[in-house]
Every structure is written in C-alpha cells, then in structure tokens.
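Report on the structure given below.
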Amino acid sequence: MNLADKVLAVNNDLPIRTQRPIHSGKVRSVYWLTDADSQRLIQEKGYNVAPDAPLAIMVISDRISAFDCIWQGEGGLSGVPGKGAALNAISNHWFEQFKTHGLADSHILDTPHPLVWIVQKARPIMIEAIVRKYITGSMWRAYSKGERDFCGIQLPEGLQKDQPLPELLITPSTKGILKGIPGVPEADDVNISRQDIEANYQAFNFRQPRDIDRYETLLKDGFQVIRQSLNNIGQLFVDTKFEFGYITDANGDEQLIYMDEVGTPDSSRIWDGDAYQQGQIVENSKESFRQFLLNYFPDPDILLNKNRMVEREALATNNQLPGQALLDLSATYTGIAEKVTGQPLPLSGNPREEIIDILSQGYGLI
C-alpha cells in the first residue's frame with residue numbers, strides 16, 4: 001500500500017447505521033446513530049449521559065483545508081498523512097487536562113480509533129471565540145492599516161507585529177448565519193462584541209446571562225492550561241479558537257462544555273519558543289501551510305481577497321501541490337502531537353478498513 005492509500009480523504013461514505021443524513025464539514029463527518037443504537041451503547045459502555053441522549057460517530061479525515069478550500073498533492077495524495085490522528089490526539093489530551101484542572105467536560109465519550117470519536121449531541125453556542133495572546137495574522141493586518149477597535153475592545157497605539165498583547169484578548173465571531181440580531185450582519189463569521197452577546201444572549205443560544213461569564217472563564221482558563229503546558233515543551237501558544245455547547249448528564253443536570261476540537265494545529269497558532277527568542281517565527285501549526293500557499297502562487301491576493309473566491313476555488317481544484325509540501329506539513333502535525341502528548345502517534349495502514357472493523361466488532365454499528 002502506498003502513502004496515498006494511508007490517507008483518509010473521503011470520510012462520509014462509511015457503512016455506519018444512521019437515522020439522519022450524514023453531515024460533512026471541511027474535515028469531519030458526523031453520523032447520527034439510531035435511537036436504538038444510542039440507547040444500547042449508553043447502557044453497554046456506561047457513558048455518563050442521559051439514557052435517551054442522541055449519540056453520533058464523528059470521523060475525522062486527513063484532508064487539508066486552507067483559505068476555505070481543500071487542497072490536493074501530487075501522486076494522488078489527497079490529504080496529509082497522520083493529520084487526523086494528530087488533531088484527535090491533541091484534542092483528547094487537552095480535554096483530559098481541562099477535566100484534571102476542574103474546568104469543564106467535552107462532548108467526547110469514547111475514542112474507538114485514532115480517527116474516530118463517539119460524541120453526544122450538544123446544543124451549540126453560536127459563537128466561535130478566538131483567544132489571542134500575540135498580535136499577528138489578520139489582526140495585525142487590520143491594526144497596521146489603522147484599525148484599533150477589535151470586537152469592542154480598543155487596542156493601544158504602538159504595537160509591533162508578533163509581539164505579546166497587553167492582555168489576553170477574546171475576539172468572538174458568529175458561528176453560522178444568525179438572523180434578526182440588531183447590529184450583527186446576517187453572514188457567517190462576523191465579528192461581534194461582548195455587548196452584542198449580552199444584549200442578545202438567547203439568540204446566541206446561551207441559557208441565561210450568567211453563562212456568558214462562565215463561557216469567558218472557560219475560555220481564559222482553558223487557554224492558560226494549554227499555554228503553560230506548551231511553555232513546558234518550548235512552544236508558544238499564540239492564539240486559538242474555542243467552541244462551546246450544552247449537554248445533559250446522567251443525573252439530568254445541564255452543563256456548559258467544550259466542543260469541537262481544541263488547541264490543535266488546525267485551530268491554533270503555535271510558535272517555537274527558541275526561534276521566537278532569536279527573532280524568528282517558526283510555525284508548528286497549519287499556518288505554515290498557509291504561508292507556503294501564499295509564497296507558492298504568484299498572486300497571493302487570490303487567497304486573501306474574499307471577492308476572488310471563484311478564482312481561489314479554481315486554484316485549489318486545478319493545482320496539485322508538490323508532495324513534499326504535504327509531507328512537510330505531516331511532520332509538523334505529527335511532531336507537535338507527539339510533543340504535546342508525550343506519546344508516539346498511532347498511524348493507520350488502512351484507516352477505512354480499520355474503522356469499519358472496529359465499529360462492527362466492538363460497537364455493532366455497521
């Protein structure tokens with residue numbers, strides 16, 4: 001089997017028994033189990049959820065998304081070897097750290113395979129919150145053009161590119177298209193302020209106003225847990241995205257939890273600490289791939305300008321990237337995963353067949 005065969009690029013065609021359409025995102029596919037299978041697994045596995053909680057199988061792929069497009073490599077390499085396993089392993093590690101520190105639980109109940117999570121259905125907060133410790137990327141581009149107001153927060157004059165911010169900054173944006181919220185455009189990923197959230201907390205799916213404080217506490221405390229752990233292995237936690245939702249546990253109590261992935265090279269910027277001290281930025285995240293694309297194509301504005309999306313999609317569809325670029329990114333993902341977890345990263349020889357076999361024999365879902 002060649003390297004391309006070890007990559008799981010298509011993850012929405014597995015023969016998992018479901019009762020609702022499969023939801024496929026850029027990287028993950030979600031298979032909602034039948035009510036009977038959900039209730040059976042809760043009883044058999046002893047998951048700490050309500051007896052009638054809907055469960056799903058979440059399968060992560062090795063596809064690589066950047067600038068809202070999926071990219072391919074030469075030789076049929078349709079993803080990044082080890083990427084999916086790295087993202088899951090890192091998220092699992094941080095979710096366990098959050099529980100150890102008494103922060104909050106996650107939606108993950110089980111990890112049958114390095115590319116698979118069993119999750120319970122959560123009622124999502126309709127916010128993607130970026131927590132920033134350094135000024136870089138899109139924030140720096142806006143700041144360098146004179147913008148000082150970021151999600152209702154005023155930044156001081158005189159900041160320099162890639163320097164630490166005066167304090168930890170939370171810059172939330174909408175998750176999906178939300179309608180009927182005063183002052184918030186009906187579009188995906190629109191920056192919002194804390195004042196917007198407070199004035200319209202129900203529209204963002206918060207149960208009660210005090211949960212906004214809880215959400216911000218979990219943001220800041222979760223960031224600091226990851227930041228300190230990364231500092232211990234010589235890495236800087238630059239910024240990251242958090243998502244939250246509500247679940248009901250076996251006792252019938254509603255909890256605000258972390259959901260999606262957390263602290264991964266896909267959802268965060270991570271810099272090498274020694275290089276930063278020497279005035280260099282060495283990325284240990286997907287940002288290194290984004291920088292590769294900006295340098296690889298002669299007109300990087302196509303990648304940065306939202307008004308040129310048609311050209312951008314054609315660029316991704318019609319170009320096979322050098323295989324070495326995806327192998328370099330594989331080394332970045334697997335390397336940071338092994339540093340974070342302190343364990344070798346398990347890599348699949350034939351991920352599709354392994355997943356089917358495990359979900360059939362161990363869970364009776366095929």
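Chain labels run A, B, ... following the order of the structure tokens; each chain numbers its residues from 1, and ligands are numbered from 1 in the order shown.
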Hey, what does DSSP flag as helix (DSSP H, G or I) within range 50-283 of chain A? Can you give it to me as a ChimeraX atom specification? /A:74-76,83-100,137-144,194-199,210-232,273-277
Let me make sure I understand: among A:Met309, A:Phe67, A:Ala275, A:Thr341, which one has the smallest atom-to-atom distance to Leu294 in chain A if we use only C-alpha atoms?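 So, comparing all the options, the nearest one is A:Phe67.
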For Asn200 in chain A: contacts at 10 Å, only C-alpha atoms, fewer than 5 positions along chain excluded, given as a short mmCIF file (atom, residue, chain, number, x, y, z; two decimals) with N, CA and C atoms, in the first residue's frame:
data_model
loop_
_atom_site.label_atom_id
_atom_site.label_comp_id
_atom_site.auth_asym_id
_atom_site.auth_seq_id
_atom_site.Cartn_x
_atom_site.Cartn_y
_atom_site.Cartn_z
N GLY A 180 -31.71 38.43 12.55
CA GLY A 180 -32.54 39.22 13.45
C GLY A 180 -31.84 39.76 14.66
N ILE A 181 -30.50 39.81 14.67
CA ILE A 181 -29.77 40.36 15.80
C ILE A 181 -29.36 41.80 15.44
N PRO A 182 -29.84 42.79 16.18
CA PRO A 182 -29.54 44.19 15.86
C PRO A 182 -28.04 44.46 15.78
N ARG A 194 -18.73 41.73 23.18
CA ARG A 194 -19.39 41.17 24.37
C ARG A 194 -20.74 41.85 24.59
N GLN A 195 -20.83 43.12 24.24
CA GLN A 195 -22.09 43.84 24.38
C GLN A 195 -23.16 43.23 23.48
N ASN A 205 -27.76 31.37 21.83
CA ASN A 205 -28.05 30.07 22.43
C ASN A 205 -27.57 29.94 23.88
N PHE A 206 -27.27 31.05 24.54
CA PHE A 206 -27.00 30.97 25.97
C PHE A 206 -28.31 30.78 26.72
N PRO A 209 -28.02 34.81 31.24
CA PRO A 209 -26.93 35.78 31.12
C PRO A 209 -25.66 35.40 31.86
#
Could you go through range 97-321 of chain A and tell me which residues DSSP, when run on the backbone, assigns to strand (DSSP E or B), listing them as number ranges by chain? A: 106, 108-113, 116-120, 123-124, 127-134, 149-150, 153-154, 164-174, 191, 235-248, 254-259, 268-272, 283, 320-321
Give me the range 36-136 of chain A side of the contact with range 150-162 of chain A, cut-off 7 Å, one line per residue showing its nearest atom pair and distance in Å at one decimal, counting only C-alpha atoms, sorted by chain and residue number, as a Markdown table.
| residue | atom | partner | partner_atom | distance |
| --- | --- | --- | --- | --- |
| A:Tyr134 | CA | A:Asp162 | CA | 5.8 |
| A:Ile135 | CA | A:Asp162 | CA | 5.1 |
| A:Thr136 | CA | A:Asp162 | CA | 5.0 |
File of the preceding selection, N, CA and C atoms, as an mmCIF file, in the first residue's frame:
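Output file selection23.cif is given in full below:
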data_model
loop_
_atom_site.group_PDB
_atom_site.id
_atom_site.type_symbol
_atom_site.label_atom_id
_atom_site.label_comp_id
_atom_site.auth_asym_id
_atom_site.auth_seq_id
_atom_site.Cartn_x
_atom_site.Cartn_y
_atom_site.Cartn_z
ATOM 1 N N TYR A 134 -0.908 37.124 21.202
ATOM 2 C CA TYR A 134 0.041 37.887 20.387
ATOM 3 C C TYR A 134 -0.728 38.559 19.248
ATOM 4 N N ILE A 135 -0.201 39.670 18.749
ATOM 5 C CA ILE A 135 -0.827 40.336 17.615
ATOM 6 C C ILE A 135 -0.125 39.895 16.334
ATOM 7 N N THR A 136 -0.861 39.167 15.519
ATOM 8 C CA THR A 136 -0.299 38.606 14.297
ATOM 9 C C THR A 136 -1.449 38.314 13.332
#
Which of A:Ser330, A:Ser24, A:Asn11, A:Gln120 sits closest to Leu345 in chain A [using only C-alpha atoms]: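 The closest residue to Leu345 in chain A is A:Ser330.
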Write out as an MDAnalysis selection string each polymer residue whose atoms come within 12 Å of Ser29 in chain A, counting only C-alpha atoms; drop sequence neighbours fewer than 4 positions from it. chainID A and resid 8:14 16 21:25 56:63 84 115:118 260
Per residue of range 213-274 of chain A within 10 Å of range 331-338 of chain A, note the shortest atom pair and the distance in Å to one decimal, counting only C-alpha atoms, and order the rows by chain and increasing residue number, as JSON lines.
{"residue": "A:Leu230", "atom": "CA", "partner": "A:Ile336", "partner_atom": "CA", "distance": 9.9}
{"residue": "A:Ile233", "atom": "CA", "partner": "A:Ile336", "partner_atom": "CA", "distance": 9.9}
{"residue": "A:Gln235", "atom": "CA", "partner": "A:Ile336", "partner_atom": "CA", "distance": 9.3}
{"residue": "A:Thr264", "atom": "CA", "partner": "A:Ala337", "partner_atom": "CA", "distance": 8.5}
{"residue": "A:Pro265", "atom": "CA", "partner": "A:Tyr333", "partner_atom": "CA", "distance": 6.8}
{"residue": "A:Asp266", "atom": "CA", "partner": "A:Tyr333", "partner_atom": "CA", "distance": 9.1}
{"residue": "A:Ile270", "atom": "CA", "partner": "A:Ile336", "partner_atom": "CA", "distance": 9.1}
Taking 5 positions as the minimum chain separation for residues in the same chain, which residues sit within 10 Å of Thr317 in chain A when counting only C-alpha atoms? Answer as a short mmCIF file (atom, residue, chain, number, x, y, z; two decimals) with N, CA, C and O atoms, in the first residue's frame.
data_model
loop_
_atom_site.label_atom_id
_atom_site.label_comp_id
_atom_site.auth_asym_id
_atom_site.auth_seq_id
_atom_site.Cartn_x
_atom_site.Cartn_y
_atom_site.Cartn_z
N CYS A 69 -10.64 26.36 1.22
CA CYS A 69 -10.57 25.42 0.10
C CYS A 69 -9.87 24.15 0.55
O CYS A 69 -9.06 24.16 1.48
N ILE A 70 -10.18 23.04 -0.14
CA ILE A 70 -9.50 21.77 0.08
C ILE A 70 -8.40 21.63 -0.97
O ILE A 70 -8.64 21.84 -2.16
N TRP A 71 -7.19 21.23 -0.52
CA TRP A 71 -6.03 21.18 -1.40
C TRP A 71 -5.57 19.74 -1.62
O TRP A 71 -5.72 18.90 -0.73
N GLN A 72 -5.00 19.48 -2.79
CA GLN A 72 -4.54 18.14 -3.18
C GLN A 72 -3.04 18.18 -3.46
O GLN A 72 -2.49 19.22 -3.83
N GLU A 311 -11.93 32.42 -8.22
CA GLU A 311 -10.56 32.16 -8.66
C GLU A 311 -9.82 31.25 -7.66
O GLU A 311 -9.05 30.38 -8.05
N ARG A 312 -10.08 31.48 -6.40
CA ARG A 312 -9.41 30.69 -5.37
C ARG A 312 -9.82 29.23 -5.45
O ARG A 312 -8.97 28.32 -5.36
#
Atom-to-atom span, CA of Arg148 in chain A and CA of Ile125 in chain A, Å: 27.1 Å
Between A:His107, A:Gln291, A:Gln343, A:Tyr246, which one has atoms that come closest to Gln208 in chain A, using only C-alpha atoms?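 Of the candidates, the smallest distance to Gln208 in chain A is held by A:Tyr246.
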Among A:Tyr258, A:Tyr296, A:Trp271, A:Phe244, Phe98 in chain A is approached most closely, using only C-alpha atoms, by A:Tyr258
In Å to one decimal, how far is CA of Leu55 in chain A from CA of Ser38 in chain A? 5.4 Å
Tell me, in Å to one decimal, how far CA of Thr171 in chain A is from CA of Phe242 in chain A. 10.7 Å
Given only C-alpha atoms as the counted atoms, nearest of A:Arg132, A:Ser138, A:Leu3, A:Glu353 to Pro166 in chain A: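 Checking each candidate against Pro166 in chain A, we get A:Arg132 as the closest.
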Hey, what's within 9 Å of Leu218 in chain A if we count only C-alpha atoms and toss same-chain stuff fewer than 2 positions away? As a VMD selection string, please? chain A and resid 103 to 104 213 to 216 220 to 223 257 to 258
